[in-house]
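Chemist: Just passing along the structure, written as structure tokens.
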Amino acid sequence: MYDSSINISSRLFRTHFEDLSNEILYEIFDFLDIYHVYEAFYDLNIRFQNLLSCSNLPIHINTSFLSKPNFQRYSTQFILPNIERISSLRLWNSFMFDDIFPSSENIKKFIGIKTVILDNVLSLNHLNHLESLPNLSSLIINQSNHTRMIDINCHSIFYLPNLKYCKLSLKGNVLFESQTNTSNQLSTIEHLVINSEYDIQELPYLLSCIPNLRRLSIDSLYRSYDRRVRTFSQVSNRLTHVSLKLKNIKFRLFELFLINYFRDIQVLRISTNDDDEYMDANRWERLISSHILNLCVFDIQHTYSFRYANDHLQYDNRIIQFTTSFWVNRQWYFACQYPERVSRSKYNLFYSIKPYK
């Protein structure tokens, strides 16, 4: 016999998604991109419209997967009405930038933005507009297309008033040159990552413009032989972490930069090639003992090749020098990796296996 009361009871105690509290719904929304939340719930009913539009919670906007029509609708219905709540903003094209930031007056309304990510915004003149963002502390610029740009001037980044973190991943050579060469603008950046080519001879100028810099990472540091090395009397003395991939830079030049500009660093990570002087343990010992007294982490990867049949004996002697008490007491240990016989590679790798003090 069918008991209808059981069916009625089950319907009464059934929980619907809409029965969840606002707090739980907000926690669920945190696991989703805000655009997907907007698409799924905004037009569902008044309650969800109010949840999305009347909250004080910060919003993280990512437009990297949107088409132009979808972006324009999203911008009109959700982004612009919630300007003050936006904490981070990712734009993947110039038209999106111009649509959201049509004027400097409009930019000033984005009072909550702390992070801006620009993908393929090719005109770096857009950076001038970002000066009006009072709380912008993190800026990431990516150029993922295959068009190579030569000598990209990023000096306008120095004018961003509260910028602390900056990451540049560009195609071509990055410059930080004032257009007039008379600017004394000092940047507030504390952590700078350059995943692009950068001329080591421009490094003194860069450091002179960023006195609060503490962490520096450059993916391809090279030397242009048609320029003279620039020197500046005042550079950052707060730099503690340095990570560099050196591209055909002789050790004697890099040594000068360590002595003049990196004396207070605590962490040094470098990747080098060609110049075998980087494997001179005695020279490193003198350099560290006399000029880099605060160094706690020494992490090196050096790629080299044998030119003659008996070169391996010379390199073995060099490697043994990294096992003296100076290195052991600091617990800095090293190893070598040789190409397999079946491999066509002729390059060997000398590297740190425990770079901590």
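The chains in the structure tokens are called A, B, ... from first to last as shown; in each chain the residues are counted from 1, and the ligands are counted from 1 in the order shown.
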Applying 9 Å and only C-alpha atoms, which residues near region 324-337 of chain A remain after dropping the ones on its own chain fewer than 5 positions away? List them as a ChimeraX atom specification.

Modeler: /A:285,296-300,319,347-357

Chemist: Residues near Ile210 (chain A), anyone? I mean within 7 Å using only C-alpha atoms, not counting same-chain ones fewer than 4 positions away, as a PyMOL selection string.

Modeler: chain A and resi 186-189+206+236

Chemist: May I have the residues from that selection written out with N, CA and C atoms, as a PDB file, in the first residue's frame?

Modeler:
```pdb
ATOM      1  N   LEU A 186      61.855  57.926  -8.673  1.00  0.00           N
ATOM      2  CA  LEU A 186      62.237  56.748  -7.907  1.00  0.00           C
ATOM      3  C   LEU A 186      61.020  55.858  -7.713  1.00  0.00           C
ATOM      4  N   SER A 187      61.194  54.582  -7.972  1.00  0.00           N
ATOM      5  CA  SER A 187      60.093  53.634  -7.912  1.00  0.00           C
ATOM      6  C   SER A 187      59.944  53.060  -6.513  1.00  0.00           C
ATOM      7  N   THR A 188      58.721  52.627  -6.204  1.00  0.00           N
ATOM      8  CA  THR A 188      58.432  51.980  -4.922  1.00  0.00           C
ATOM      9  C   THR A 188      58.521  50.459  -5.022  1.00  0.00           C
ATOM     10  N   ILE A 189      58.924  49.917  -6.170  1.00  0.00           N
ATOM     11  CA  ILE A 189      58.958  48.473  -6.387  1.00  0.00           C
ATOM     12  C   ILE A 189      59.927  47.800  -5.403  1.00  0.00           C
ATOM     13  N   LEU A 206      68.964  50.881 -13.509  1.00  0.00           N
ATOM     14  CA  LEU A 206      67.744  50.289 -12.959  1.00  0.00           C
ATOM     15  C   LEU A 206      67.770  50.326 -11.438  1.00  0.00           C
ATOM     16  N   SER A 236      70.607  50.677  -4.785  1.00  0.00           N
ATOM     17  CA  SER A 236      69.875  50.045  -3.690  1.00  0.00           C
ATOM     18  C   SER A 236      70.808  49.266  -2.775  1.00  0.00           C
TER      19      SER A 236
END
```

Chemist: Write out as an NGL selection string which residues come within 10 Å of Ser290 (chain A) when counting only C-alpha atoms, dropping same-chain ones fewer than 6 positions away.

Modeler: :A and (259 or 263 or 284)

Chemist: Keeping only N, CA and C atoms, write those residues as a PDB file, in the first residue's frame.

Modeler:
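See result27.pdb below for the written result:
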```pdb
ATOM      1  N   ILE A 259      80.383  42.932  -6.500  1.00  0.00           N
ATOM      2  CA  ILE A 259      81.102  43.760  -5.532  1.00  0.00           C
ATOM      3  C   ILE A 259      80.455  45.135  -5.394  1.00  0.00           C
ATOM      4  N   ARG A 263      76.369  43.636  -2.643  1.00  0.00           N
ATOM      5  CA  ARG A 263      77.178  43.327  -1.472  1.00  0.00           C
ATOM      6  C   ARG A 263      76.338  42.790  -0.310  1.00  0.00           C
ATOM      7  N   TRP A 284      85.658  32.248  -5.992  1.00  0.00           N
ATOM      8  CA  TRP A 284      84.375  32.446  -5.330  1.00  0.00           C
ATOM      9  C   TRP A 284      84.571  32.612  -3.823  1.00  0.00           C
TER      10      TRP A 284
END
```

Chemist: So which residues touch Arg215 (chain A) within 8 Å, counting only C-alpha atoms, skipping near sequence neighbours fewer than 4 positions away, as a list in words?

Modeler: Glu190, His191, Leu192, Leu239, Thr240, His241 and Val242 of chain A

Chemist: Next, the residues of the selection above should be written as a compact mmCIF listing (two decimals), in the first residue's frame with C-alpha atoms.

Modeler:
```txt
# COMPACT_ATOMS: atom_id res chain seq x y z
CA GLU A 190 60.31 45.89 -3.93
CA HIS A 191 60.14 42.75 -6.10
CA LEU A 192 60.97 42.87 -9.81
CA LEU A 239 68.62 43.99 -2.27
CA THR A 240 68.68 40.60 -0.53
CA HIS A 241 67.51 38.07 -3.16
CA VAL A 242 69.01 37.87 -6.66
```

Chemist: Which residues are near region 55-66 of chain A? Cut-off 10 Å, only C-alpha atoms, ignore same chain within fewer than 2 positions. Put them as an MDAnalysis selection string.

Modeler: chainID A and resid 26 30 33:35 50:53 68:72 74:75 79 82:93 96 112:113 115:119

Chemist: Which parts of region 63-183 of chain A does DSSP call strand (DSSP E or B) when run on the backbone here, written out as a JSON list (two decimals) with C-alpha atoms, in the first residue's frame?

Modeler:
```
[["chain", "number", "residue", "atom", "x", "y", "z"],
["A", 86, "ILE", "CA", 37.25, 44.99, -8.00],
["A", 87, "SER", "CA", 40.49, 43.85, -6.32],
["A", 88, "SER", "CA", 42.27, 42.28, -9.31],
["A", 89, "LEU", "CA", 41.80, 42.70, -13.04],
["A", 90, "ARG", "CA", 43.17, 40.63, -15.93],
["A", 91, "LEU", "CA", 42.81, 41.99, -19.48],
["A", 115, "THR", "CA", 46.56, 43.73, -9.00],
["A", 116, "VAL", "CA", 46.48, 44.30, -12.76],
["A", 117, "ILE", "CA", 47.50, 41.65, -15.30],
["A", 118, "LEU", "CA", 47.85, 42.74, -18.93],
["A", 119, "ASP", "CA", 48.11, 40.06, -21.63],
["A", 138, "SER", "CA", 51.05, 44.39, -8.24],
["A", 139, "LEU", "CA", 51.50, 44.62, -12.03],
["A", 140, "ILE", "CA", 52.06, 41.69, -14.41],
["A", 141, "ILE", "CA", 52.57, 42.21, -18.14],
["A", 142, "ASN", "CA", 52.61, 39.22, -20.49],
["A", 152, "ILE", "CA", 60.52, 47.95, -25.13],
["A", 153, "ASN", "CA", 60.67, 50.99, -22.87],
["A", 165, "TYR", "CA", 55.57, 43.81, -7.29],
["A", 166, "CYS", "CA", 56.20, 43.90, -11.03],
["A", 167, "LYS", "CA", 56.64, 41.00, -13.47],
["A", 168, "LEU", "CA", 57.47, 41.56, -17.14],
["A", 169, "SER", "CA", 57.32, 38.72, -19.67],
["A", 173, "ASN", "CA", 64.80, 43.73, -24.92],
["A", 174, "VAL", "CA", 63.43, 45.54, -21.89],
["A", 175, "LEU", "CA", 64.61, 49.08, -21.22]]
```

Chemist: Identify which of the residues A:Phe48, A:Phe110, A:Phe262, A:Phe95 lies closest to Leu295 (chain A), counting only C-alpha atoms when measuring atom-to-atom distances.

Modeler: A:Phe262
